[in-house]
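Student: Okay, so here is my_file-v4.cif, and as you'll see once you scroll down, it has mmCIF, N, CA and C atoms.
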data_coords
#
loop_
_atom_site.label_atom_id
_atom_site.label_comp_id
_atom_site.auth_asym_id
_atom_site.auth_seq_id
_atom_site.Cartn_x
_atom_site.Cartn_y
_atom_site.Cartn_z
N MET U 1 13.52 8.50 -15.04
CA MET U 1 13.36 7.45 -14.04
C MET U 1 11.99 7.62 -13.38
N LYS U 2 11.21 6.56 -13.38
CA LYS U 2 9.89 6.58 -12.73
C LYS U 2 10.06 6.65 -11.22
N LYS U 3 9.16 7.41 -10.59
CA LYS U 3 9.12 7.52 -9.13
C LYS U 3 7.84 6.87 -8.63
N ILE U 4 8.00 5.80 -7.87
CA ILE U 4 6.86 5.09 -7.31
C ILE U 4 6.97 5.16 -5.78
N ALA U 5 5.89 5.58 -5.15
CA ALA U 5 5.87 5.67 -3.69
C ALA U 5 4.96 4.58 -3.13
N ILE U 6 5.45 3.89 -2.12
CA ILE U 6 4.66 2.90 -1.41
C ILE U 6 4.29 3.52 -0.07
N ILE U 7 2.99 3.49 0.24
CA ILE U 7 2.51 4.01 1.51
C ILE U 7 1.78 2.88 2.22
N ASN U 8 2.30 2.47 3.36
CA ASN U 8 1.69 1.43 4.17
C ASN U 8 1.09 2.04 5.44
N GLY U 9 -0.03 1.50 5.83
CA GLY U 9 -0.73 1.99 7.00
C GLY U 9 -0.48 1.17 8.25
N PRO U 10 -1.44 1.20 9.17
CA PRO U 10 -1.26 0.65 10.50
C PRO U 10 -0.92 -0.84 10.52
N ASN U 11 0.00 -1.15 11.40
CA ASN U 11 0.46 -2.51 11.72
C ASN U 11 1.31 -3.15 10.63
N LEU U 12 1.46 -2.51 9.49
CA LEU U 12 2.30 -3.10 8.44
C LEU U 12 3.78 -2.97 8.76
N ASN U 13 4.12 -2.18 9.76
CA ASN U 13 5.50 -2.16 10.26
C ASN U 13 5.85 -3.47 10.97
N LEU U 14 4.86 -4.29 11.23
CA LEU U 14 5.10 -5.58 11.90
C LEU U 14 5.13 -6.75 10.93
N THR U 15 5.09 -6.47 9.62
CA THR U 15 5.15 -7.54 8.63
C THR U 15 6.41 -8.38 8.85
N GLY U 16 6.24 -9.68 8.81
CA GLY U 16 7.35 -10.60 9.07
C GLY U 16 7.39 -11.07 10.51
N ARG U 17 6.72 -10.34 11.38
CA ARG U 17 6.67 -10.71 12.80
C ARG U 17 5.24 -10.95 13.26
N ARG U 18 4.30 -10.29 12.63
CA ARG U 18 2.88 -10.37 13.00
C ARG U 18 2.20 -11.43 12.15
N GLU U 19 1.62 -12.43 12.75
CA GLU U 19 0.86 -13.46 12.06
C GLU U 19 1.50 -13.86 10.72
N PRO U 20 2.70 -14.46 10.77
CA PRO U 20 3.40 -14.79 9.53
C PRO U 20 2.62 -15.73 8.61
N GLU U 21 1.71 -16.50 9.16
CA GLU U 21 0.88 -17.38 8.32
C GLU U 21 -0.08 -16.57 7.45
N VAL U 22 -0.39 -15.36 7.85
CA VAL U 22 -1.28 -14.48 7.07
C VAL U 22 -0.46 -13.48 6.26
N TYR U 23 0.56 -12.88 6.89
CA TYR U 23 1.25 -11.74 6.30
C TYR U 23 2.66 -12.04 5.79
N GLY U 24 3.12 -13.28 5.95
CA GLY U 24 4.44 -13.65 5.46
C GLY U 24 5.50 -13.59 6.54
N ALA U 25 6.67 -14.15 6.23
CA ALA U 25 7.72 -14.33 7.23
C ALA U 25 8.89 -13.36 7.08
N ILE U 26 8.90 -12.52 6.04
CA ILE U 26 9.99 -11.55 5.92
C ILE U 26 9.45 -10.16 6.21
N THR U 27 10.33 -9.30 6.70
CA THR U 27 9.91 -7.94 7.01
C THR U 27 9.68 -7.16 5.72
N PHE U 28 8.94 -6.07 5.83
CA PHE U 28 8.71 -5.28 4.63
C PHE U 28 10.02 -4.67 4.14
N GLU U 29 10.90 -4.30 5.06
CA GLU U 29 12.18 -3.72 4.67
C GLU U 29 13.02 -4.72 3.87
N GLN U 30 13.00 -6.00 4.26
CA GLN U 30 13.70 -7.03 3.49
C GLN U 30 13.10 -7.16 2.09
N TYR U 31 11.78 -7.15 2.03
CA TYR U 31 11.11 -7.24 0.74
C TYR U 31 11.41 -6.01 -0.11
N LEU U 32 11.42 -4.84 0.50
CA LEU U 32 11.70 -3.60 -0.21
C LEU U 32 13.08 -3.64 -0.85
N ASP U 33 14.06 -4.18 -0.14
CA ASP U 33 15.40 -4.34 -0.73
C ASP U 33 15.34 -5.22 -1.98
N GLN U 34 14.59 -6.31 -1.92
CA GLN U 34 14.45 -7.19 -3.08
C GLN U 34 13.78 -6.46 -4.24
N LEU U 35 12.74 -5.69 -3.93
CA LEU U 35 12.01 -4.95 -4.96
C LEU U 35 12.91 -3.90 -5.62
N ARG U 36 13.67 -3.19 -4.82
CA ARG U 36 14.57 -2.17 -5.36
C ARG U 36 15.68 -2.81 -6.20
N ASN U 37 16.21 -3.94 -5.74
CA ASN U 37 17.25 -4.64 -6.51
C ASN U 37 16.72 -5.16 -7.84
N ALA U 38 15.46 -5.57 -7.87
CA ALA U 38 14.86 -6.08 -9.10
C ALA U 38 14.51 -4.95 -10.07
N HIS U 39 14.43 -3.71 -9.56
CA HIS U 39 14.04 -2.57 -10.40
C HIS U 39 14.97 -1.38 -10.15
N PRO U 40 16.25 -1.52 -10.51
CA PRO U 40 17.20 -0.44 -10.24
C PRO U 40 16.92 0.84 -11.03
N ASP U 41 16.12 0.73 -12.07
CA ASP U 41 15.78 1.87 -12.90
C ASP U 41 14.55 2.64 -12.40
N VAL U 42 14.01 2.24 -11.25
CA VAL U 42 12.83 2.88 -10.67
C VAL U 42 13.21 3.42 -9.29
N GLN U 43 12.82 4.65 -9.03
CA GLN U 43 13.03 5.22 -7.70
C GLN U 43 11.82 4.84 -6.84
N ILE U 44 12.04 3.94 -5.90
CA ILE U 44 10.97 3.45 -5.03
C ILE U 44 11.17 4.02 -3.64
N THR U 45 10.20 4.82 -3.19
CA THR U 45 10.25 5.33 -1.82
C THR U 45 9.23 4.57 -0.99
N TYR U 46 9.50 4.48 0.29
CA TYR U 46 8.64 3.72 1.20
C TYR U 46 8.32 4.56 2.42
N HIS U 47 7.05 4.55 2.78
CA HIS U 47 6.57 5.32 3.92
C HIS U 47 5.56 4.45 4.66
N GLN U 48 5.63 4.49 5.98
CA GLN U 48 4.68 3.74 6.79
C GLN U 48 4.31 4.59 8.00
N SER U 49 3.02 4.55 8.35
CA SER U 49 2.57 5.22 9.56
C SER U 49 1.37 4.48 10.12
N ASN U 50 1.27 4.53 11.43
CA ASN U 50 0.10 3.98 12.11
C ASN U 50 -0.94 5.07 12.38
N VAL U 51 -0.65 6.30 11.93
CA VAL U 51 -1.48 7.46 12.25
C VAL U 51 -2.20 7.95 11.00
N GLU U 52 -3.51 8.01 11.05
CA GLU U 52 -4.31 8.37 9.89
C GLU U 52 -3.93 9.74 9.32
N GLY U 53 -3.78 10.74 10.16
CA GLY U 53 -3.44 12.08 9.69
C GLY U 53 -2.09 12.12 8.98
N GLN U 54 -1.13 11.36 9.46
CA GLN U 54 0.17 11.30 8.79
C GLN U 54 0.05 10.65 7.41
N LEU U 55 -0.80 9.65 7.30
CA LEU U 55 -1.03 9.01 6.00
C LEU U 55 -1.67 9.99 5.02
N ILE U 56 -2.59 10.78 5.50
CA ILE U 56 -3.20 11.81 4.65
C ILE U 56 -2.15 12.79 4.18
N ASP U 57 -1.27 13.24 5.09
CA ASP U 57 -0.20 14.16 4.71
C ASP U 57 0.71 13.54 3.65
N LEU U 58 1.05 12.27 3.80
CA LEU U 58 1.89 11.58 2.81
C LEU U 58 1.21 11.52 1.45
N ILE U 59 -0.05 11.16 1.44
CA ILE U 59 -0.79 11.08 0.17
C ILE U 59 -0.84 12.45 -0.49
N GLN U 60 -1.13 13.48 0.28
CA GLN U 60 -1.22 14.83 -0.29
C GLN U 60 0.12 15.28 -0.85
N HIS U 61 1.20 14.93 -0.21
CA HIS U 61 2.54 15.33 -0.67
C HIS U 61 2.98 14.49 -1.87
N LEU U 62 2.98 13.17 -1.70
CA LEU U 62 3.51 12.27 -2.72
C LEU U 62 2.60 12.18 -3.94
N GLY U 63 1.33 12.45 -3.76
CA GLY U 63 0.37 12.37 -4.84
C GLY U 63 0.55 13.43 -5.91
N PHE U 64 1.43 14.40 -5.67
CA PHE U 64 1.76 15.41 -6.66
C PHE U 64 3.19 15.25 -7.18
N GLU U 65 3.95 14.32 -6.58
CA GLU U 65 5.35 14.15 -6.95
C GLU U 65 5.64 12.82 -7.63
N ALA U 66 5.00 11.77 -7.18
CA ALA U 66 5.31 10.42 -7.68
C ALA U 66 4.56 10.16 -8.98
N ASP U 67 5.07 9.20 -9.75
CA ASP U 67 4.40 8.76 -10.96
C ASP U 67 3.33 7.71 -10.66
N GLY U 68 3.36 7.18 -9.46
CA GLY U 68 2.37 6.20 -9.03
C GLY U 68 2.45 5.99 -7.54
N LEU U 69 1.30 5.72 -6.92
CA LEU U 69 1.25 5.39 -5.50
C LEU U 69 0.74 3.96 -5.35
N ILE U 70 1.46 3.19 -4.54
CA ILE U 70 0.99 1.87 -4.13
C ILE U 70 0.60 2.02 -2.67
N VAL U 71 -0.68 1.83 -2.39
CA VAL U 71 -1.17 2.08 -1.04
C VAL U 71 -1.75 0.81 -0.42
N ASN U 72 -1.30 0.53 0.78
CA ASN U 72 -1.88 -0.51 1.62
C ASN U 72 -2.19 0.19 2.93
N LEU U 73 -3.41 0.62 3.07
CA LEU U 73 -3.78 1.42 4.23
C LEU U 73 -4.34 0.57 5.37
N GLY U 74 -4.11 -0.75 5.26
CA GLY U 74 -4.46 -1.66 6.34
C GLY U 74 -5.91 -1.50 6.76
N GLY U 75 -6.15 -1.56 8.05
CA GLY U 75 -7.49 -1.46 8.61
C GLY U 75 -8.20 -0.16 8.28
N TYR U 76 -7.46 0.89 8.03
CA TYR U 76 -8.09 2.16 7.65
C TYR U 76 -8.83 2.07 6.32
N SER U 77 -8.47 1.10 5.50
CA SER U 77 -9.14 0.93 4.21
C SER U 77 -10.64 0.72 4.39
N HIS U 78 -11.02 0.13 5.51
CA HIS U 78 -12.40 -0.25 5.75
C HIS U 78 -13.16 0.79 6.57
N THR U 79 -12.46 1.86 6.97
CA THR U 79 -13.09 2.82 7.88
C THR U 79 -12.92 4.28 7.51
N SER U 80 -11.97 4.61 6.65
CA SER U 80 -11.58 6.01 6.52
C SER U 80 -12.04 6.68 5.22
N VAL U 81 -13.06 7.49 5.34
CA VAL U 81 -13.49 8.34 4.24
C VAL U 81 -12.44 9.43 4.00
N ALA U 82 -11.77 9.87 5.06
CA ALA U 82 -10.76 10.93 4.94
C ALA U 82 -9.58 10.47 4.07
N LEU U 83 -9.14 9.24 4.20
CA LEU U 83 -8.06 8.73 3.34
C LEU U 83 -8.54 8.59 1.90
N ARG U 84 -9.78 8.17 1.70
CA ARG U 84 -10.33 8.10 0.35
C ARG U 84 -10.34 9.49 -0.28
N ASP U 85 -10.79 10.48 0.47
CA ASP U 85 -10.83 11.85 -0.04
C ASP U 85 -9.44 12.36 -0.40
N ALA U 86 -8.45 12.01 0.42
CA ALA U 86 -7.06 12.42 0.12
C ALA U 86 -6.59 11.79 -1.19
N LEU U 87 -6.90 10.52 -1.40
CA LEU U 87 -6.52 9.85 -2.64
C LEU U 87 -7.20 10.48 -3.85
N LEU U 88 -8.46 10.85 -3.70
CA LEU U 88 -9.19 11.48 -4.80
C LEU U 88 -8.66 12.88 -5.10
N ALA U 89 -8.05 13.51 -4.12
CA ALA U 89 -7.58 14.90 -4.28
C ALA U 89 -6.27 15.01 -5.05
N VAL U 90 -5.58 13.90 -5.28
CA VAL U 90 -4.28 13.96 -5.95
C VAL U 90 -4.36 13.29 -7.32
N PRO U 91 -3.59 13.80 -8.30
CA PRO U 91 -3.71 13.30 -9.67
C PRO U 91 -2.96 12.00 -9.96
N THR U 92 -2.01 11.63 -9.12
CA THR U 92 -1.19 10.45 -9.37
C THR U 92 -2.03 9.17 -9.41
N PRO U 93 -1.79 8.28 -10.36
CA PRO U 93 -2.49 6.99 -10.37
C PRO U 93 -2.15 6.18 -9.12
N LYS U 94 -3.14 5.43 -8.63
CA LYS U 94 -2.99 4.68 -7.40
C LYS U 94 -3.44 3.24 -7.58
N ILE U 95 -2.74 2.33 -6.91
CA ILE U 95 -3.12 0.92 -6.83
C ILE U 95 -3.22 0.56 -5.35
N GLU U 96 -4.33 -0.07 -4.97
CA GLU U 96 -4.52 -0.54 -3.60
C GLU U 96 -4.02 -1.97 -3.50
N VAL U 97 -3.27 -2.25 -2.44
CA VAL U 97 -2.72 -3.60 -2.20
C VAL U 97 -3.09 -4.04 -0.79
N HIS U 98 -3.43 -5.30 -0.66
CA HIS U 98 -3.59 -5.93 0.66
C HIS U 98 -2.87 -7.27 0.61
N LEU U 99 -2.13 -7.59 1.65
CA LEU U 99 -1.39 -8.85 1.70
C LEU U 99 -2.33 -10.05 1.75
N SER U 100 -3.37 -9.93 2.56
CA SER U 100 -4.33 -11.02 2.69
C SER U 100 -5.50 -10.80 1.74
N ASN U 101 -6.28 -11.85 1.54
CA ASN U 101 -7.49 -11.73 0.73
C ASN U 101 -8.58 -11.16 1.63
N ILE U 102 -8.84 -9.88 1.48
CA ILE U 102 -9.81 -9.21 2.37
C ILE U 102 -11.22 -9.79 2.22
N PHE U 103 -11.50 -10.44 1.10
CA PHE U 103 -12.83 -11.01 0.88
C PHE U 103 -12.99 -12.39 1.52
N ALA U 104 -11.90 -12.96 2.01
CA ALA U 104 -11.95 -14.25 2.69
C ALA U 104 -11.85 -14.08 4.20
N ARG U 105 -11.89 -12.82 4.64
CA ARG U 105 -11.75 -12.53 6.07
C ARG U 105 -13.09 -12.07 6.65
N GLU U 106 -13.05 -11.40 7.76
CA GLU U 106 -14.26 -10.94 8.43
C GLU U 106 -15.09 -10.06 7.48
N ASP U 107 -16.41 -10.09 7.66
CA ASP U 107 -17.32 -9.35 6.78
C ASP U 107 -16.97 -7.87 6.68
N TYR U 108 -16.58 -7.25 7.79
CA TYR U 108 -16.31 -5.81 7.75
C TYR U 108 -15.11 -5.47 6.87
N ARG U 109 -14.28 -6.44 6.55
CA ARG U 109 -13.13 -6.20 5.67
C ARG U 109 -13.50 -6.31 4.18
N HIS U 110 -14.70 -6.73 3.87
CA HIS U 110 -15.10 -6.93 2.47
C HIS U 110 -15.32 -5.61 1.74
N HIS U 111 -15.50 -4.54 2.46
CA HIS U 111 -15.68 -3.23 1.82
C HIS U 111 -14.47 -2.34 2.13
N SER U 112 -13.94 -1.74 1.08
CA SER U 112 -12.84 -0.78 1.24
C SER U 112 -13.28 0.56 0.66
N TYR U 113 -13.16 1.60 1.45
CA TYR U 113 -13.41 2.96 0.97
C TYR U 113 -12.34 3.40 -0.03
N ILE U 114 -11.21 2.72 -0.02
CA ILE U 114 -10.04 3.11 -0.81
C ILE U 114 -10.17 2.65 -2.27
N THR U 115 -10.78 1.50 -2.50
CA THR U 115 -10.79 0.88 -3.82
C THR U 115 -11.32 1.80 -4.92
N SER U 116 -12.39 2.50 -4.66
CA SER U 116 -12.99 3.34 -5.71
C SER U 116 -12.15 4.58 -6.02
N ALA U 117 -11.15 4.87 -5.19
CA ALA U 117 -10.24 5.99 -5.44
C ALA U 117 -8.97 5.54 -6.16
N CYS U 118 -8.90 4.25 -6.48
CA CYS U 118 -7.71 3.68 -7.10
C CYS U 118 -8.07 3.06 -8.45
N ARG U 119 -7.07 2.89 -9.29
CA ARG U 119 -7.36 2.28 -10.60
C ARG U 119 -7.36 0.77 -10.54
N GLY U 120 -6.94 0.20 -9.41
CA GLY U 120 -6.97 -1.24 -9.28
C GLY U 120 -6.78 -1.69 -7.85
N LEU U 121 -7.07 -2.96 -7.60
CA LEU U 121 -6.94 -3.59 -6.29
C LEU U 121 -6.25 -4.93 -6.47
N ILE U 122 -5.24 -5.18 -5.66
CA ILE U 122 -4.56 -6.48 -5.64
C ILE U 122 -4.61 -6.96 -4.19
N CYS U 123 -5.18 -8.14 -3.99
CA CYS U 123 -5.23 -8.65 -2.61
C CYS U 123 -5.05 -10.16 -2.61
N GLY U 124 -4.54 -10.66 -1.48
CA GLY U 124 -4.43 -12.09 -1.28
C GLY U 124 -3.17 -12.73 -1.81
N LEU U 125 -2.25 -11.95 -2.37
CA LEU U 125 -1.03 -12.51 -2.95
C LEU U 125 0.21 -12.21 -2.12
N GLY U 126 0.01 -11.79 -0.88
CA GLY U 126 1.14 -11.48 -0.02
C GLY U 126 1.94 -10.32 -0.56
N LEU U 127 3.22 -10.32 -0.26
CA LEU U 127 4.10 -9.23 -0.69
C LEU U 127 4.21 -9.13 -2.21
N GLN U 128 3.96 -10.21 -2.92
CA GLN U 128 4.02 -10.19 -4.38
C GLN U 128 3.05 -9.16 -4.97
N GLY U 129 2.03 -8.80 -4.21
CA GLY U 129 1.08 -7.80 -4.68
C GLY U 129 1.74 -6.46 -4.98
N TYR U 130 2.78 -6.12 -4.23
CA TYR U 130 3.51 -4.86 -4.47
C TYR U 130 4.25 -4.92 -5.81
N GLU U 131 4.84 -6.06 -6.11
CA GLU U 131 5.53 -6.24 -7.39
C GLU U 131 4.54 -6.09 -8.55
N LEU U 132 3.38 -6.70 -8.41
CA LEU U 132 2.37 -6.60 -9.47
C LEU U 132 1.88 -5.17 -9.63
N ALA U 133 1.69 -4.47 -8.53
CA ALA U 133 1.27 -3.07 -8.60
C ALA U 133 2.35 -2.24 -9.29
N LEU U 134 3.60 -2.48 -8.93
CA LEU U 134 4.72 -1.76 -9.56
C LEU U 134 4.74 -2.03 -11.06
N GLN U 135 4.57 -3.28 -11.46
CA GLN U 135 4.56 -3.64 -12.88
C GLN U 135 3.46 -2.90 -13.62
N SER U 136 2.33 -2.68 -12.95
CA SER U 136 1.23 -1.99 -13.63
C SER U 136 1.59 -0.55 -13.97
N PHE U 137 2.49 0.05 -13.21
CA PHE U 137 2.94 1.41 -13.51
C PHE U 137 4.03 1.45 -14.56
N LEU U 138 4.73 0.35 -14.73
CA LEU U 138 5.85 0.30 -15.66
C LEU U 138 5.45 -0.17 -17.04
N GLY U 139 4.39 -0.96 -17.11
CA GLY U 139 3.99 -1.57 -18.38
C GLY U 139 3.19 -0.69 -19.20
#
Could you spell out this file's structure in structure tokens?
Tutor:
Amino acid sequence: MKKIAIINGPNLNLTGRREPEVYGAITFEQYLDQLRNAHPDVQITYHQSNVEGQLIDLIQHLGFEADGLIVNLGGYSHTSVALRDALLAVPTPKIEVHLSNIFAREDYRHHSYITSACRGLICGLGLQGYELALQSFLG
């Protein structure tokens, strides 16, 4: 059984309540139930933190245990060299996901320190981006 870990960063605990026109109208927990039901043969774990150091700890731990990491590090994607270094330090393949199209937003969101530490980037497709990232690990 494949083990896929999803790590979400700051403010993603508010998905479904925060700016639903940008981030969607269902909570991440509701979406996670749908994802798990659609893939009963995959062990999907979910972790979320608003704290950069906790995200680093999660990456360091899960990056040696999971078969793949799906990371949406939110605003830290555009600011954190430390999270990039943590991703580079672990052997597990990684996919970066963003709910919104970061290239259609403010200029400072156009650069992600995380992208070069991952094998791919999916953005602008809402929660469906997690499904696509998961498929990339299964196919």
Student: Counting all atoms listed in the file, which of U:Asp41, U:Glu131, U:Asp57, U:Asp33 gets nearest to Ala86 (chain U)?
Tutor: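 Checking each candidate against Ala86 (chain U), we get U:Asp57 as the closest.
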Student: Decode the PyMOL selection byres ((chain U and resi 69) around 6) for the given file into explicit residues and return them as JSON, numbers by chain.
Tutor: {"U": [4, 5, 6, 66, 67, 68, 70, 71, 92, 93, 94, 95]}
Student: Provide an axis-aligned box for all listed atoms of region 39-49 of chain U, padding each side by 5 Å; report its centre and its edge lengths in Å to one decimal, as JSON.
Tutor:
{"center_x": 9.3, "center_y": 0.8, "center_z": -1.4, "size_x": 25.8, "size_y": 19.0, "size_z": 33.0}
Student: Output the residue selection produced by the PyMOL selection byres ((chain U and resi 73-77) around 8) on the file above, formatted as a PyMOL selection string.
Tutor: chain U and resi 7-12+52+70-72+78-81+83-84+96-99+109+111-115
Student: Restricting the calculation to only C-alpha atoms: of U:Asn50, U:Gln34, U:Ser100, U:Ser116, which residue gets closest to Asp85 (chain U)?
Tutor: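 Among the listed residues, the smallest separation from Asp85 (chain U) belongs to U:Ser116.
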